[in-house]
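Asks: My structure file run12.pdb, PDB, C-alpha atoms, pLDDT in the B column, is below:
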ATOM      1  CA  MET N  17       6.701  55.757  16.001  1.00 44.00           C
ATOM      2  CA  ASP N  18       3.704  53.693  14.750  1.00 46.00           C
ATOM      3  CA  PRO N  19       0.200  55.083  15.220  1.00 43.00           C
ATOM      4  CA  VAL N  20      -1.972  53.182  17.656  1.00 42.00           C
ATOM      5  CA  GLY N  21      -4.278  50.603  16.046  1.00 45.00           C
ATOM      6  CA  GLN N  22      -2.443  50.545  12.715  1.00 46.00           C
ATOM      7  CA  ASP N  23      -2.309  47.148  10.926  1.00 48.00           C
ATOM      8  CA  ILE N  24       1.328  46.539   9.904  1.00 45.00           C
ATOM      9  CA  ASN N  25       0.995  42.789   9.215  1.00 48.00           C
ATOM     10  CA  LEU N  26       2.628  42.148   5.818  1.00 49.00           C
ATOM     11  CA  ASN N  27       0.120  39.362   5.027  1.00 49.00           C
ATOM     12  CA  SER N  28      -2.905  41.430   5.981  1.00 49.00           C
ATOM     13  CA  PRO N  29      -5.154  42.752   3.194  1.00 47.00           C
ATOM     14  CA  ASN N  30      -5.390  46.020   5.110  1.00 50.00           C
ATOM     15  CA  LYS N  31      -1.634  46.516   5.597  1.00 48.00           C
ATOM     16  CA  GLY N  32      -0.659  50.164   5.582  1.00 46.00           C
ATOM     17  CA  LEU N  33      -4.196  51.311   6.402  1.00 47.00           C
ATOM     18  CA  GLY N  34      -5.061  53.304   9.465  1.00 47.00           C
ATOM     19  CA  PRO N  35      -8.158  52.687  11.595  1.00 43.00           C
ATOM     20  CA  ALA N  36     -10.112  55.476   9.925  1.00 43.00           C
ATOM     21  CA  GLY N  37      -9.271  54.632   6.339  1.00 44.00           C
ATOM     22  CA  GLY N  38      -6.265  54.214   4.079  1.00 44.00           C
ATOM     23  CA  VAL N  39      -3.052  56.097   3.762  1.00 43.00           C
ATOM     24  CA  ASP N  40      -4.449  57.812   0.709  1.00 47.00           C
ATOM     25  CA  SER N  41      -7.238  59.326   2.764  1.00 44.00           C
ATOM     26  CA  LEU N  42      -4.681  60.744   5.159  1.00 44.00           C
ATOM     27  CA  THR N  43      -2.425  62.145   2.468  1.00 44.00           C
ATOM     28  CA  GLU N  44      -5.258  63.474   0.361  1.00 46.00           C
ATOM     29  CA  GLY N  45      -7.265  64.842   3.227  1.00 45.00           C
ATOM     30  CA  GLY N  46      -4.206  66.455   4.807  1.00 44.00           C
ATOM     31  CA  ALA N  47      -4.746  67.675   8.327  1.00 43.00           C
ATOM     32  CA  MET N  48      -8.427  66.688   8.231  1.00 42.00           C
ATOM     33  CA  GLY N  49      -7.471  63.070   7.469  1.00 46.00           C
ATOM     34  CA  VAL N  50      -4.989  62.954  10.340  1.00 46.00           C
ATOM     35  CA  ALA N  51      -7.416  64.618  12.681  1.00 46.00           C
ATOM     36  CA  ALA N  52      -9.986  61.946  11.862  1.00 47.00           C
ATOM     37  CA  VAL N  53      -7.739  59.379  13.524  1.00 49.00           C
ATOM     38  CA  ASN N  54      -8.052  61.017  16.939  1.00 57.00           C
ATOM     39  CA  THR N  55      -5.495  58.557  18.373  1.00 80.00           C
ATOM     40  CA  LEU N  56      -2.188  60.318  17.795  1.00 82.00           C
ATOM     41  CA  PRO N  57       0.549  59.427  20.314  1.00 86.00           C
ATOM     42  CA  PRO N  58       1.507  62.178  22.741  1.00 86.00           C
ATOM     43  CA  GLY N  59       4.012  64.631  21.318  1.00 86.00           C
ATOM     44  CA  LEU N  60       3.202  63.755  17.675  1.00 87.00           C
ATOM     45  CA  THR N  61       1.692  66.533  15.562  1.00 90.00           C
ATOM     46  CA  GLU N  62      -0.710  66.001  12.725  1.00 90.00           C
ATOM     47  CA  GLU N  63       1.928  67.047  10.181  1.00 91.00           C
ATOM     48  CA  GLU N  64       4.417  64.517  11.558  1.00 91.00           C
ATOM     49  CA  ALA N  65       1.768  61.797  11.534  1.00 91.00           C
ATOM     50  CA  GLU N  66       0.916  62.598   7.926  1.00 93.00           C
ATOM     51  CA  GLU N  67       4.593  62.345   6.944  1.00 93.00           C
ATOM     52  CA  LEU N  68       4.968  59.017   8.793  1.00 93.00           C
ATOM     53  CA  TYR N  69       1.910  57.556   7.065  1.00 93.00           C
ATOM     54  CA  SER N  70       3.351  58.624   3.719  1.00 95.00           C
ATOM     55  CA  ASP N  71       6.685  56.952   4.502  1.00 96.00           C
ATOM     56  CA  LEU N  72       4.878  53.825   5.668  1.00 96.00           C
ATOM     57  CA  ALA N  73       2.947  53.584   2.404  1.00 96.00           C
ATOM     58  CA  LYS N  74       6.186  53.865   0.404  1.00 96.00           C
ATOM     59  CA  VAL N  75       7.954  51.201   2.506  1.00 97.00           C
ATOM     60  CA  GLU N  76       5.074  48.740   2.145  1.00 97.00           C
ATOM     61  CA  GLU N  77       4.965  49.353  -1.582  1.00 96.00           C
ATOM     62  CA  GLU N  78       8.686  48.575  -1.753  1.00 97.00           C
ATOM     63  CA  ILE N  79       8.120  45.410   0.291  1.00 97.00           C
ATOM     64  CA  ASN N  80       5.455  44.210  -2.134  1.00 97.00           C
ATOM     65  CA  THR N  81       7.734  44.965  -5.068  1.00 96.00           C
ATOM     66  CA  LEU N  82      10.625  43.047  -3.483  1.00 97.00           C
ATOM     67  CA  ARG N  83       8.322  40.121  -2.713  1.00 97.00           C
ATOM     68  CA  GLN N  84       7.282  39.920  -6.366  1.00 96.00           C
ATOM     69  CA  VAL N  85      10.912  40.158  -7.495  1.00 96.00           C
ATOM     70  CA  LEU N  86      11.863  37.354  -5.068  1.00 96.00           C
ATOM     71  CA  LEU N  87       9.105  35.085  -6.394  1.00 96.00           C
ATOM     72  CA  ALA N  88      10.270  35.718  -9.957  1.00 96.00           C
ATOM     73  CA  LYS N  89      13.886  34.960  -9.003  1.00 96.00           C
ATOM     74  CA  GLU N  90      12.867  31.714  -7.269  1.00 94.00           C
ATOM     75  CA  LYS N  91      10.921  30.594 -10.349  1.00 94.00           C
ATOM     76  CA  HIS N  92      13.892  31.413 -12.586  1.00 95.00           C
ATOM     77  CA  SER N  93      16.196  29.482 -10.244  1.00 91.00           C
ATOM     78  CA  ALA N  94      13.890  26.434 -10.350  1.00 90.00           C
ATOM     79  CA  ASP N  95      13.873  26.536 -14.175  1.00 91.00           C
ATOM     80  CA  LEU N  96      17.671  26.680 -14.302  1.00 91.00           C
ATOM     81  CA  LYS N  97      17.983  23.742 -11.882  1.00 87.00           C
ATOM     82  CA  ARG N  98      15.525  21.720 -13.952  1.00 87.00           C
ATOM     83  CA  LYS N  99      17.499  22.357 -17.139  1.00 89.00           C
ATOM     84  CA  LEU N 100      20.761  21.403 -15.378  1.00 87.00           C
ATOM     85  CA  GLY N 101      19.219  18.197 -14.076  1.00 85.00           C
ATOM     86  CA  LEU N 102      19.634  19.222 -10.451  1.00 81.00           C
ATOM     87  CA  SER N 103      16.978  17.272  -8.592  1.00 82.00           C
ATOM     88  CA  PRO N 104      16.094  18.027  -4.962  1.00 81.00           C
ATOM     89  CA  LEU N 105      17.981  14.865  -3.928  1.00 83.00           C
ATOM     90  CA  ASN N 106      21.159  15.979  -5.715  1.00 80.00           C
ATOM     91  CA  GLU N 107      20.826  19.416  -4.196  1.00 78.00           C
ATOM     92  CA  LEU N 108      20.446  17.839  -0.746  1.00 84.00           C
ATOM     93  CA  LYS N 109      23.592  15.756  -1.304  1.00 83.00           C
ATOM     94  CA  GLN N 110      25.520  18.848  -2.360  1.00 81.00           C
ATOM     95  CA  ASN N 111      24.295  20.746   0.685  1.00 84.00           C
ATOM     96  CA  LEU N 112      25.292  17.874   2.987  1.00 89.00           C
ATOM     97  CA  ALA N 113      28.725  17.610   1.368  1.00 90.00           C
ATOM     98  CA  LYS N 114      29.256  21.342   1.658  1.00 87.00           C
ATOM     99  CA  GLY N 115      28.049  21.273   5.261  1.00 89.00           C
ATOM    100  CA  TRP N 116      30.469  18.468   6.132  1.00 88.00           C
ATOM    101  CA  GLN N 117      33.286  20.362   4.437  1.00 87.00           C
ATOM    102  CA  ASP N 118      32.418  23.429   6.457  1.00 88.00           C
ATOM    103  CA  VAL N 119      32.448  21.335   9.623  1.00 88.00           C
ATOM    104  CA  GLN N 120      35.882  19.902   8.787  1.00 86.00           C
ATOM    105  CA  THR N 121      37.304  23.354   8.234  1.00 88.00           C
ATOM    106  CA  SER N 122      35.707  24.844  11.328  1.00 89.00           C
ATOM    107  CA  ASN N 123      37.879  25.849  14.264  1.00 89.00           C
ATOM    108  CA  ALA N 124      36.005  23.553  16.660  1.00 89.00           C
ATOM    109  CA  TYR N 125      36.587  20.494  14.445  1.00 87.00           C
ATOM    110  CA  VAL N 126      40.256  21.332  13.945  1.00 87.00           C
ATOM    111  CA  ARG N 127      40.787  21.821  17.680  1.00 88.00           C
ATOM    112  CA  THR N 128      38.980  18.548  18.455  1.00 90.00           C
ATOM    113  CA  THR N 129      41.091  16.653  15.913  1.00 88.00           C
ATOM    114  CA  GLU N 130      44.286  18.095  17.352  1.00 87.00           C
ATOM    115  CA  LYS N 131      43.194  17.216  20.890  1.00 85.00           C
ATOM    116  CA  LEU N 132      42.402  13.635  19.879  1.00 90.00           C
ATOM    117  CA  GLY N 133      45.802  13.369  18.225  1.00 88.00           C
ATOM    118  CA  GLU N 134      47.484  14.550  21.404  1.00 84.00           C
ATOM    119  CA  TRP N 135      45.535  12.021  23.491  1.00 86.00           C
ATOM    120  CA  ASN N 136      46.478   9.233  21.073  1.00 86.00           C
ATOM    121  CA  GLU N 137      50.145  10.135  21.339  1.00 82.00           C
ATOM    122  CA  LYS N 138      49.934  10.200  25.131  1.00 81.00           C
ATOM    123  CA  VAL N 139      48.195   6.818  25.275  1.00 85.00           C
ATOM    124  CA  THR N 140      50.496   5.067  22.788  1.00 82.00           C
ATOM    125  CA  GLY N 141      53.547   6.578  24.474  1.00 80.00           C
ATOM    126  CA  SER N 142      52.554   5.613  27.997  1.00 81.00           C
ATOM    127  CA  GLU N 143      54.400   2.920  29.939  1.00 79.00           C
ATOM    128  CA  LEU N 144      51.245   0.874  30.414  1.00 82.00           C
ATOM    129  CA  TYR N 145      50.536   0.755  26.653  1.00 82.00           C
ATOM    130  CA  LEU N 146      54.135  -0.135  25.796  1.00 77.00           C
ATOM    131  CA  THR N 147      54.206  -2.834  28.465  1.00 83.00           C
ATOM    132  CA  ALA N 148      50.928  -4.339  27.217  1.00 84.00           C
ATOM    133  CA  SER N 149      52.173  -4.291  23.618  1.00 78.00           C
ATOM    134  CA  GLU N 150      55.426  -5.995  24.581  1.00 76.00           C
ATOM    135  CA  THR N 151      53.481  -8.604  26.571  1.00 83.00           C
ATOM    136  CA  LEU N 152      51.204  -9.393  23.630  1.00 85.00           C
ATOM    137  CA  ASP N 153      54.184  -9.603  21.281  1.00 80.00           C
ATOM    138  CA  GLY N 154      55.900 -11.956  23.714  1.00 78.00           C
ATOM    139  CA  ILE N 155      52.837 -14.202  23.893  1.00 81.00           C
ATOM    140  CA  ALA N 156      52.582 -14.323  20.111  1.00 80.00           C
ATOM    141  CA  GLN N 157      56.254 -15.308  19.840  1.00 80.00           C
ATOM    142  CA  SER N 158      56.153 -17.876  22.663  1.00 81.00           C
ATOM    143  CA  GLU N 159      56.471 -21.618  21.999  1.00 80.00           C
ATOM    144  CA  ALA N 160      53.208 -22.364  23.806  1.00 82.00           C
ATOM    145  CA  TYR N 161      51.282 -19.992  21.547  1.00 82.00           C
ATOM    146  CA  LYS N 162      52.870 -21.456  18.436  1.00 79.00           C
ATOM    147  CA  LYS N 163      52.125 -25.024  19.547  1.00 81.00           C
ATOM    148  CA  THR N 164      48.530 -24.126  20.352  1.00 86.00           C
ATOM    149  CA  SER N 165      48.072 -22.495  16.937  1.00 83.00           C
ATOM    150  CA  GLU N 166      49.592 -25.492  15.165  1.00 84.00           C
ATOM    151  CA  THR N 167      47.439 -27.922  17.187  1.00 87.00           C
ATOM    152  CA  LEU N 168      44.256 -26.009  16.340  1.00 89.00           C
ATOM    153  CA  SER N 169      45.231 -25.861  12.678  1.00 87.00           C
ATOM    154  CA  VAL N 170      45.907 -29.624  12.528  1.00 86.00           C
ATOM    155  CA  ALA N 171      42.653 -30.353  14.366  1.00 87.00           C
ATOM    156  CA  GLY N 172      40.724 -28.233  11.895  1.00 88.00           C
ATOM    157  CA  GLN N 173      42.293 -30.025   8.928  1.00 88.00           C
ATOM    158  CA  LYS N 174      41.547 -33.450  10.439  1.00 85.00           C
ATOM    159  CA  THR N 175      37.936 -32.484  11.117  1.00 89.00           C
ATOM    160  CA  THR N 176      37.484 -31.316   7.534  1.00 89.00           C
ATOM    161  CA  ALA N 177      39.012 -34.526   6.187  1.00 86.00           C
ATOM    162  CA  ALA N 178      36.803 -36.653   8.477  1.00 86.00           C
ATOM    163  CA  PHE N 179      33.627 -34.940   7.282  1.00 87.00           C
ATOM    164  CA  SER N 180      34.709 -35.375   3.652  1.00 86.00           C
ATOM    165  CA  THR N 181      35.430 -39.084   4.159  1.00 88.00           C
ATOM    166  CA  MET N 182      32.110 -39.566   5.953  1.00 85.00           C
ATOM    167  CA  GLY N 183      30.239 -37.992   3.039  1.00 86.00           C
ATOM    168  CA  THR N 184      31.996 -40.248   0.532  1.00 87.00           C
ATOM    169  CA  VAL N 185      31.266 -43.393   2.562  1.00 85.00           C
ATOM    170  CA  LEU N 186      27.593 -42.459   2.975  1.00 86.00           C
ATOM    171  CA  SER N 187      27.202 -41.839  -0.756  1.00 84.00           C
ATOM    172  CA  ARG N 188      28.791 -45.210  -1.582  1.00 82.00           C
ATOM    173  CA  LYS N 189      26.645 -47.040   1.000  1.00 81.00           C
ATOM    174  CA  LEU N 190      23.473 -45.491  -0.371  1.00 81.00           C
ATOM    175  CA  GLY N 191      24.464 -46.511  -3.900  1.00 79.00           C
ATOM    176  CA  ASP N 192      25.159 -50.104  -2.828  1.00 78.00           C
ATOM    177  CA  MET N 193      21.879 -50.248  -0.921  1.00 77.00           C
ATOM    178  CA  ARG N 194      19.871 -49.072  -3.938  1.00 74.00           C
ATOM    179  CA  ASN N 195      21.431 -51.738  -6.155  1.00 77.00           C
ATOM    180  CA  SER N 196      20.944 -54.569  -3.616  1.00 76.00           C
ATOM    181  CA  PRO N 197      18.281 -57.284  -4.158  1.00 78.00           C
ATOM    182  CA  THR N 198      16.667 -56.402  -0.855  1.00 77.00           C
ATOM    183  CA  PHE N 199      16.039 -52.797  -1.951  1.00 75.00           C
ATOM    184  CA  LYS N 200      14.679 -53.951  -5.329  1.00 73.00           C
ATOM    185  CA  SER N 201      12.344 -56.404  -3.565  1.00 79.00           C
ATOM    186  CA  PHE N 202      11.191 -53.524  -1.364  1.00 76.00           C
ATOM    187  CA  GLU N 203      10.467 -51.441  -4.476  1.00 75.00           C
ATOM    188  CA  ASP N 204       8.395 -54.287  -5.910  1.00 78.00           C
ATOM    189  CA  LYS N 205       6.389 -54.504  -2.700  1.00 76.00           C
ATOM    190  CA  VAL N 206       5.751 -50.783  -2.777  1.00 78.00           C
ATOM    191  CA  GLY N 207       4.549 -51.141  -6.379  1.00 75.00           C
ATOM    192  CA  ASN N 208       2.141 -53.913  -5.389  1.00 75.00           C
ATOM    193  CA  ILE N 209       0.765 -51.832  -2.518  1.00 78.00           C
ATOM    194  CA  LYS N 210       0.239 -48.891  -4.865  1.00 72.00           C
ATOM    195  CA  TYR N 211      -1.595 -51.194  -7.302  1.00 71.00           C
ATOM    196  CA  MET N 212      -3.845 -52.485  -4.557  1.00 74.00           C
ATOM    197  CA  VAL N 213      -4.671 -48.950  -3.389  1.00 75.00           C
ATOM    198  CA  VAL N 214      -5.166 -47.359  -6.815  1.00 71.00           C
ATOM    199  CA  GLY N 215      -6.898 -50.323  -8.500  1.00 65.00           C
ATOM    200  CA  PRO N 216      -7.668 -50.816 -12.223  1.00 59.00           C
ATOM    201  CA  ARG N 217      -7.688 -47.731 -14.469  1.00 56.00           C
ATOM    202  CA  GLY N 218      -9.325 -46.754 -17.765  1.00 44.00           C
ATOM    203  CA  ASN N 219     -12.480 -47.923 -19.627  1.00 47.00           C
ATOM    204  CA  GLY N 220     -13.313 -50.692 -17.187  1.00 49.00           C
ATOM    205  CA  GLU N 221     -10.374 -52.837 -18.345  1.00 48.00           C
ATOM    206  CA  ALA N 222      -8.291 -54.692 -15.765  1.00 49.00           C
ATOM    207  CA  VAL N 223      -4.763 -53.468 -15.275  1.00 49.00           C
ATOM    208  CA  GLN N 224      -2.068 -56.036 -14.717  1.00 53.00           C
ATOM    209  CA  SER N 225      -0.224 -55.882 -11.388  1.00 51.00           C
ATOM    210  CA  PRO N 226       3.503 -55.222 -11.624  1.00 50.00           C
ATOM    211  CA  THR N 227       4.238 -58.647 -10.085  1.00 51.00           C
ATOM    212  CA  GLU N 228       1.584 -60.607 -11.959  1.00 51.00           C
ATOM    213  CA  THR N 229       2.659 -62.608 -14.997  1.00 49.00           C
ATOM    214  CA  ASN N 230      -0.810 -63.722 -16.240  1.00 51.00           C
ATOM    215  CA  PRO N 231      -3.655 -61.212 -16.493  1.00 49.00           C
ATOM    216  CA  VAL N 232      -6.863 -62.078 -14.699  1.00 48.00           C
ATOM    217  CA  GLN N 233      -9.886 -62.452 -17.035  1.00 49.00           C
ATOM    218  CA  ASP N 234     -13.239 -61.187 -15.875  1.00 50.00           C
ATOM    219  CA  ASN N 235     -16.371 -63.268 -16.433  1.00 51.00           C
ATOM    220  CA  ALA N 236     -14.427 -66.514 -17.035  1.00 47.00           C
ATOM    221  CA  PRO N 237     -16.679 -69.476 -17.969  1.00 49.00           C
ATOM    222  CA  PHE N 238     -17.374 -72.059 -15.271  1.00 43.00           C
TER     223      PHE N 238
END
Would you mind writing the structure in this file as structure tokens?

Replies:
Amino acid sequence: MDPVGQDINLNSPNKGLGPAGGVDSLTEGGAMGVAAVNTLPPGLTEEEAEELYSDLAKVEEEINTLRQVLLAKEKHSADLKRKLGLSPLNELKQNLAKGWQDVQTSNAYVRTTEKLGEWNEKVTGSELYLTASETLDGIAQSEAYKKTSETLSVAGQKTTAAFSTMGTVLSRKLGDMRNSPTFKSFEDKVGNIKYMVVGPRGNGEAVQSPTETNPVQDNAPF
């Protein structure tokens, strides 16, 4: 039984200490140390309380020792993983793979798989499923289905050929249009318009228009 008011929190700096001092004061002071507590549970003698405090001190010392050993083991494990190239991501993948393997070998998964297999056999062996399968097979083998498939296939081929022919005709028409006199005359007009908008360039000298044959002289004598 734990004495009243004793701090047994493992993270507490006063763990293992009674309200009137430490365990050492109880063990060293003997009956006087236990009597100083003045809060012994009913039916617990001072000698029994002293023995319990002594056991508590030993257990907490063992806990601290085990905690230090665990920290050392964890550090050693981290060093080994680093040397083996086991990153946290690889370790997570291994844990997931192992977890999935454990799930697949579990009784619940095996029973569920067996139940699904039984349901599949019942469905595929039912009269309704067999009748539907035979009906679909009959439709696929019917003359109407075959004619419809052939018609769609021919229509698709004709559509592809029509688009290809249209592209060829458009390319040829564009080529003929570019080489026609009308298109060349249009290009000349566009060049003249550009000349009129841009105007002469460079060092104040007049630039000849693309359609002009004789340059215009500035400051011609009267």

Asks: By how many Å are CA of Ser122 (chain N) and CA of Glu137 (chain N) apart?

Replies: 22.9 Å

Asks: Around all the atoms of region 69-75 of chain N listed in the file, draw an axis-aligned box and extend it by 5 Å on each of the six sides; I want its centre and edge lengths in Å to one decimal, as lines of an AutoDock Vina configuration file.

Replies:
center_x = 4.9
center_y = 54.9
center_z = 3.7
size_x = 16.0
size_y = 17.4
size_z = 16.7

Asks: May I ask for the distance between CA of Thr147 (chain N) and CA of Tyr161 (chain N), given in Å to one decimal place?

Replies: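 Taking CA of Thr147 (chain N) as the start and CA of Tyr161 (chain N) as the end point, the length is 18.7 Å.
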
Asks: Suppose you want the space between CA of Asn111 (chain N) and CA of Arg98 (chain N); what is it in Å?

Replies: 17.1 Å

Asks: Could you extract region 131-146 of chain N of the given structure into a file holding N, CA and C atoms, as a short mmCIF file (atom, residue, chain, number, x, y, z; two decimals), in the first residue's frame?

Replies:
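Writing done, so here's result-v2.cif:
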data_model
loop_
_atom_site.label_atom_id
_atom_site.label_comp_id
_atom_site.auth_asym_id
_atom_site.auth_seq_id
_atom_site.Cartn_x
_atom_site.Cartn_y
_atom_site.Cartn_z
N LYS N 131 -15.25 -16.23 -47.94
CA LYS N 131 -16.67 -15.86 -48.08
C LYS N 131 -16.91 -15.19 -49.43
N LEU N 132 -16.00 -14.31 -49.85
CA LEU N 132 -16.15 -13.67 -51.15
C LEU N 132 -16.07 -14.69 -52.28
N GLY N 133 -15.18 -15.67 -52.12
CA GLY N 133 -15.10 -16.72 -53.13
C GLY N 133 -16.39 -17.53 -53.23
N GLU N 134 -16.99 -17.81 -52.08
CA GLU N 134 -18.26 -18.54 -52.09
C GLU N 134 -19.36 -17.71 -52.76
N TRP N 135 -19.41 -16.41 -52.45
CA TRP N 135 -20.41 -15.55 -53.09
C TRP N 135 -20.20 -15.48 -54.60
N ASN N 136 -18.95 -15.41 -55.04
CA ASN N 136 -18.66 -15.36 -56.47
C ASN N 136 -19.12 -16.63 -57.16
N GLU N 137 -18.88 -17.76 -56.52
CA GLU N 137 -19.33 -19.03 -57.11
C GLU N 137 -20.85 -19.10 -57.19
N LYS N 138 -21.51 -18.59 -56.15
CA LYS N 138 -22.98 -18.61 -56.16
C LYS N 138 -23.54 -17.70 -57.25
N VAL N 139 -22.92 -16.52 -57.41
CA VAL N 139 -23.42 -15.58 -58.41
C VAL N 139 -23.18 -16.11 -59.81
N THR N 140 -21.94 -16.57 -60.09
CA THR N 140 -21.63 -17.06 -61.44
C THR N 140 -22.34 -18.36 -61.76
N GLY N 141 -22.77 -19.09 -60.75
CA GLY N 141 -23.49 -20.34 -60.99
C GLY N 141 -24.99 -20.21 -60.97
N SER N 142 -25.49 -19.00 -60.74
CA SER N 142 -26.93 -18.80 -60.68
C SER N 142 -27.54 -18.81 -62.08
N GLU N 143 -28.84 -19.11 -62.14
CA GLU N 143 -29.55 -19.17 -63.41
C GLU N 143 -29.59 -17.80 -64.07
N LEU N 144 -29.80 -16.76 -63.28
CA LEU N 144 -29.87 -15.41 -63.83
C LEU N 144 -28.57 -15.02 -64.51
N TYR N 145 -27.42 -15.32 -63.87
CA TYR N 145 -26.12 -14.98 -64.45
C TYR N 145 -25.88 -15.77 -65.73
N LEU N 146 -26.19 -17.06 -65.71
CA LEU N 146 -25.97 -17.89 -66.90
C LEU N 146 -26.87 -17.43 -68.04
#
